[in-house]
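Asks: Just dropping this structure here.
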Amino acid sequence: MIQLEVPLADRSYPVLVGAGVRHQLSRVLPAGAARVAVVTQASIPVPVDPGVEHRVFVMGEGEEAKDLSTVEDLCRQWARWGLTRADVVVAVGGGVVTDTAGFAAAVYHRGVAVVHVATTLLGQIDAAIGGKTGVNLTEGKNLVGSFWQPAAVLCDTEVLGSLPPREYRNGLGEMAKYAFLGVDGLTDLPLDEAVAACVRCKADVVGSDEREAGRRAILNYGHTLGHALETAGSYDLRHGEAVAIGLIYAAELALRLGRIDEDRVAEHRRVVAGYDLPMRVPDGLDSDEVISLFSRDKKAVSGVTFVLDGPQGVEPVRVEDPAILRAAFDAVR
Ligand code: GLY
């Protein structure tokens, strides 16, 4: 088992990584927790034992269930059960569960402790770490939420073996991102250590900029095009697959801005190909459609902030010239 910490002074918390760490749940519960509300989905075959009185609350599947009505349902069920602020919520699942249950925990009784048992690769290396919680509105993803740090995160790598291949690849897209945030040799590491290396990187970033005033934005590397492809919607790309294409797009953009050279672009392509992730945008999208999705406003295309690689590493950069956005897009078609 590998134990890491997200360093946030008196709100620091442990992240345990390894096969079977879900069995450490009772050990990481906040002291004095008398009752636990376990939130999970019917499709997640991961029972947990908090070692105290508990009840399981099953939420719906998919991004559609990550909404305010699920938050209301959970809070009302918790209230009927008598969950108090001294109790604990345990979210068992991927990002949909930890984001939704984490947000419900943040607002129930103005805040009840939450522990995440992350059961997907994407959850373990990204969604469950760092305290971003929230739900979607019809108008967009993650538009309502809060920062609510968990009391602990368990990344049980044993359960990753039963993930559907596409869900596993979804996590690999985020893993590819860390290769450009200073995490070297990821593909040579055993799975536990690779997960731990990503968590260590994210914990360091979150510890230095919890509320994304600056540096934390680098965790969005590859996400601007990625989100646009997801928003376009009808292209059947998982988040990690869209981010993988977004990483290459960001490299092509950085090349055209003179921030990196051709070798570094090739490095992006090698890393993404090494994870067997998609490298080109699906047919049917044109550059103007994509640029309008970047800016969320079809008329105002005067500039977009990207996270781009460069001499100082990955950092936010404002790109004003739509011609450069288009040229980079042509390179990933
Ligand atoms: N997923 C990006 C972040 O947690 O900041």
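Residues are referred to by chain and number: the chain letter is A, B, ... according to the order shown in the structure tokens, the number counts from 1 in that chain, and ligands are numbered separately from 1 in the order shown.
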How would you write, as an NGL selection string, the set of residues no farther than 8 Å from ligand 1 when counting only C-alpha atoms and all ligand atoms?

Replies: :A and (126-127 or 129-132 or 202 or 206 or 212 or 216-220)

Asks: Would you output that residue set with N, CA, C and O atoms, as a short mmCIF file (atom, residue, chain, number, x, y, z; two decimals), in the first residue's frame?

Replies:
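The resulting out-v4.cif:
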```cif
data_model
loop_
_atom_site.label_atom_id
_atom_site.label_comp_id
_atom_site.auth_asym_id
_atom_site.auth_seq_id
_atom_site.Cartn_x
_atom_site.Cartn_y
_atom_site.Cartn_z
N ASP A 126 -7.78 11.54 -10.65
CA ASP A 126 -8.25 12.91 -10.85
C ASP A 126 -9.48 13.26 -10.00
O ASP A 126 -9.37 13.98 -9.01
N ALA A 127 -10.64 12.71 -10.36
CA ALA A 127 -11.90 13.26 -9.81
C ALA A 127 -12.01 13.21 -8.29
O ALA A 127 -12.54 14.14 -7.67
N ILE A 129 -9.68 13.34 -6.06
CA ILE A 129 -8.61 14.05 -5.37
C ILE A 129 -8.79 15.55 -5.56
O ILE A 129 -9.00 16.01 -6.69
N GLY A 130 -8.71 16.32 -4.51
CA GLY A 130 -8.61 17.77 -4.69
C GLY A 130 -9.83 18.57 -4.33
O GLY A 130 -9.80 19.80 -4.39
N GLY A 131 -10.94 17.90 -3.98
CA GLY A 131 -12.05 18.62 -3.38
C GLY A 131 -13.00 19.33 -4.33
O GLY A 131 -13.90 20.04 -3.87
N LYS A 132 -12.86 19.16 -5.66
CA LYS A 132 -13.87 19.75 -6.54
C LYS A 132 -15.09 18.84 -6.53
O LYS A 132 -14.98 17.64 -6.82
N LYS A 202 -0.97 15.54 -8.47
CA LYS A 202 -2.18 16.34 -8.25
C LYS A 202 -2.20 16.90 -6.83
O LYS A 202 -2.59 18.05 -6.61
N VAL A 206 -2.70 20.77 -5.94
CA VAL A 206 -3.85 21.21 -5.11
C VAL A 206 -3.34 21.85 -3.82
O VAL A 206 -3.87 22.87 -3.37
N GLU A 212 -7.84 27.06 -7.37
CA GLU A 212 -7.55 27.38 -8.77
C GLU A 212 -7.44 28.88 -9.01
O GLU A 212 -8.03 29.42 -9.95
N ARG A 216 -3.36 25.64 -10.31
CA ARG A 216 -4.21 24.44 -10.46
C ARG A 216 -4.77 24.30 -11.88
O ARG A 216 -5.12 23.21 -12.32
N ALA A 217 -4.81 25.42 -12.61
CA ALA A 217 -5.33 25.36 -13.98
C ALA A 217 -4.53 24.40 -14.85
O ALA A 217 -5.04 23.88 -15.85
N ILE A 218 -3.28 24.11 -14.48
CA ILE A 218 -2.48 23.20 -15.33
C ILE A 218 -3.09 21.79 -15.37
O ILE A 218 -2.85 21.03 -16.29
N LEU A 219 -3.92 21.48 -14.36
CA LEU A 219 -4.58 20.17 -14.36
C LEU A 219 -5.60 20.07 -15.50
O LEU A 219 -6.11 18.99 -15.79
N ASN A 220 -5.89 21.21 -16.10
CA ASN A 220 -6.82 21.21 -17.24
C ASN A 220 -6.09 21.09 -18.58
O ASN A 220 -6.68 21.34 -19.64
#
```

Asks: Excluding A:Ala331 and its own-chain neighbours fewer than 5 positions away, which residues fall within 10 Å of it when counting only C-alpha atoms? Please give them as a PyMOL selection string.

Replies: chain A and resi 248-249+252-253+280-281+326

Asks: So that I can check the secondary structure, give me every residue of stretch 29-258 of chain A assigned alpha helix (DSSP H) by backbone DSSP, as number ranges by chain.

Replies: A: 68-81, 95-107, 121-122, 165-178, 191-208, 223-232, 239-256

Asks: Emit the selected residues as a compact mmCIF listing (two decimals), in the first residue's frame, including C-alpha atoms.

Replies:
```txt
# COMPACT_ATOMS: atom_id res chain seq x y z
CA LEU A 68 -29.49 18.75 -8.52
CA SER A 69 -32.42 16.36 -8.29
CA THR A 70 -30.05 13.56 -7.22
CA VAL A 71 -28.54 15.90 -4.62
CA GLU A 72 -32.03 16.66 -3.32
CA ASP A 73 -32.93 12.95 -3.26
CA LEU A 74 -29.80 12.05 -1.33
CA CYS A 75 -30.22 14.87 1.19
CA ARG A 76 -33.88 14.04 1.77
CA GLN A 77 -33.12 10.34 2.26
CA TRP A 78 -30.27 11.21 4.65
CA ALA A 79 -32.60 13.53 6.60
CA ARG A 80 -35.27 10.82 6.87
CA TRP A 81 -32.60 8.40 8.12
CA GLY A 95 -16.34 10.73 -10.83
CA VAL A 96 -20.12 10.87 -11.21
CA VAL A 97 -20.57 9.43 -7.70
CA THR A 98 -17.76 11.29 -5.94
CA ASP A 99 -18.72 14.64 -7.56
CA THR A 100 -22.42 14.25 -6.72
CA ALA A 101 -22.14 12.70 -3.26
CA GLY A 102 -19.28 15.07 -2.45
CA PHE A 103 -21.45 18.06 -3.34
CA ALA A 104 -24.43 16.68 -1.40
CA ALA A 105 -22.09 16.19 1.60
CA ALA A 106 -20.83 19.78 1.19
CA VAL A 107 -24.31 21.26 1.47
CA LEU A 121 -8.87 4.91 -12.93
CA LEU A 122 -10.13 8.39 -13.77
CA PRO A 165 -11.97 -1.59 -21.23
CA ARG A 166 -13.49 1.69 -22.43
CA GLU A 167 -13.81 2.98 -18.86
CA TYR A 168 -10.19 2.07 -18.20
CA ARG A 169 -9.11 3.96 -21.34
CA ASN A 170 -11.10 6.91 -20.06
CA GLY A 171 -8.63 7.09 -17.17
CA LEU A 172 -5.62 6.63 -19.44
CA GLY A 173 -6.43 9.96 -21.12
CA GLU A 174 -5.93 11.72 -17.78
CA MET A 175 -2.83 9.63 -17.11
CA ALA A 176 -1.34 10.77 -20.43
CA LYS A 177 -1.85 14.37 -19.23
CA TYR A 178 0.38 13.83 -16.19
CA LEU A 191 -0.19 0.20 -11.85
CA ASP A 192 -0.13 1.05 -8.11
CA GLU A 193 2.93 3.21 -8.54
CA ALA A 194 1.59 4.88 -11.68
CA VAL A 195 -1.63 5.79 -9.87
CA ALA A 196 0.37 7.01 -6.88
CA ALA A 197 2.65 9.11 -9.10
CA CYS A 198 -0.38 10.87 -10.63
CA VAL A 199 -1.97 11.38 -7.20
CA ARG A 200 1.32 12.78 -5.86
CA CYS A 201 1.43 15.29 -8.74
CA LYS A 202 -2.18 16.34 -8.25
CA ALA A 203 -1.79 16.54 -4.46
CA ASP A 204 1.19 18.85 -4.90
CA VAL A 205 -0.71 21.12 -7.30
CA VAL A 206 -3.85 21.21 -5.11
CA GLY A 207 -1.73 21.84 -2.02
CA SER A 208 -0.25 24.91 -3.67
CA HIS A 223 -9.18 19.92 -21.62
CA THR A 224 -10.15 22.96 -23.73
CA LEU A 225 -10.49 21.01 -26.95
CA GLY A 226 -11.48 17.96 -24.90
CA HIS A 227 -14.47 19.75 -23.39
CA ALA A 228 -15.44 21.18 -26.79
CA LEU A 229 -15.50 17.67 -28.26
CA GLU A 230 -17.57 16.43 -25.34
CA THR A 231 -19.94 19.38 -25.67
CA ALA A 232 -20.33 18.73 -29.39
CA HIS A 239 -13.76 12.30 -21.38
CA GLY A 240 -10.28 10.76 -21.40
CA GLU A 241 -10.41 10.10 -25.13
CA ALA A 242 -11.39 13.72 -25.78
CA VAL A 243 -8.59 14.93 -23.48
CA ALA A 244 -6.08 12.76 -25.39
CA ILE A 245 -6.97 14.54 -28.65
CA GLY A 246 -6.90 17.81 -26.70
CA LEU A 247 -3.31 17.16 -25.59
CA ILE A 248 -2.17 16.87 -29.19
CA TYR A 249 -4.16 19.94 -30.16
CA ALA A 250 -2.55 21.91 -27.33
CA ALA A 251 0.88 20.82 -28.56
CA GLU A 252 0.07 21.89 -32.13
CA LEU A 253 -1.10 25.23 -30.78
CA ALA A 254 2.03 25.70 -28.67
CA LEU A 255 4.14 24.90 -31.74
CA ARG A 256 2.42 27.60 -33.77
```
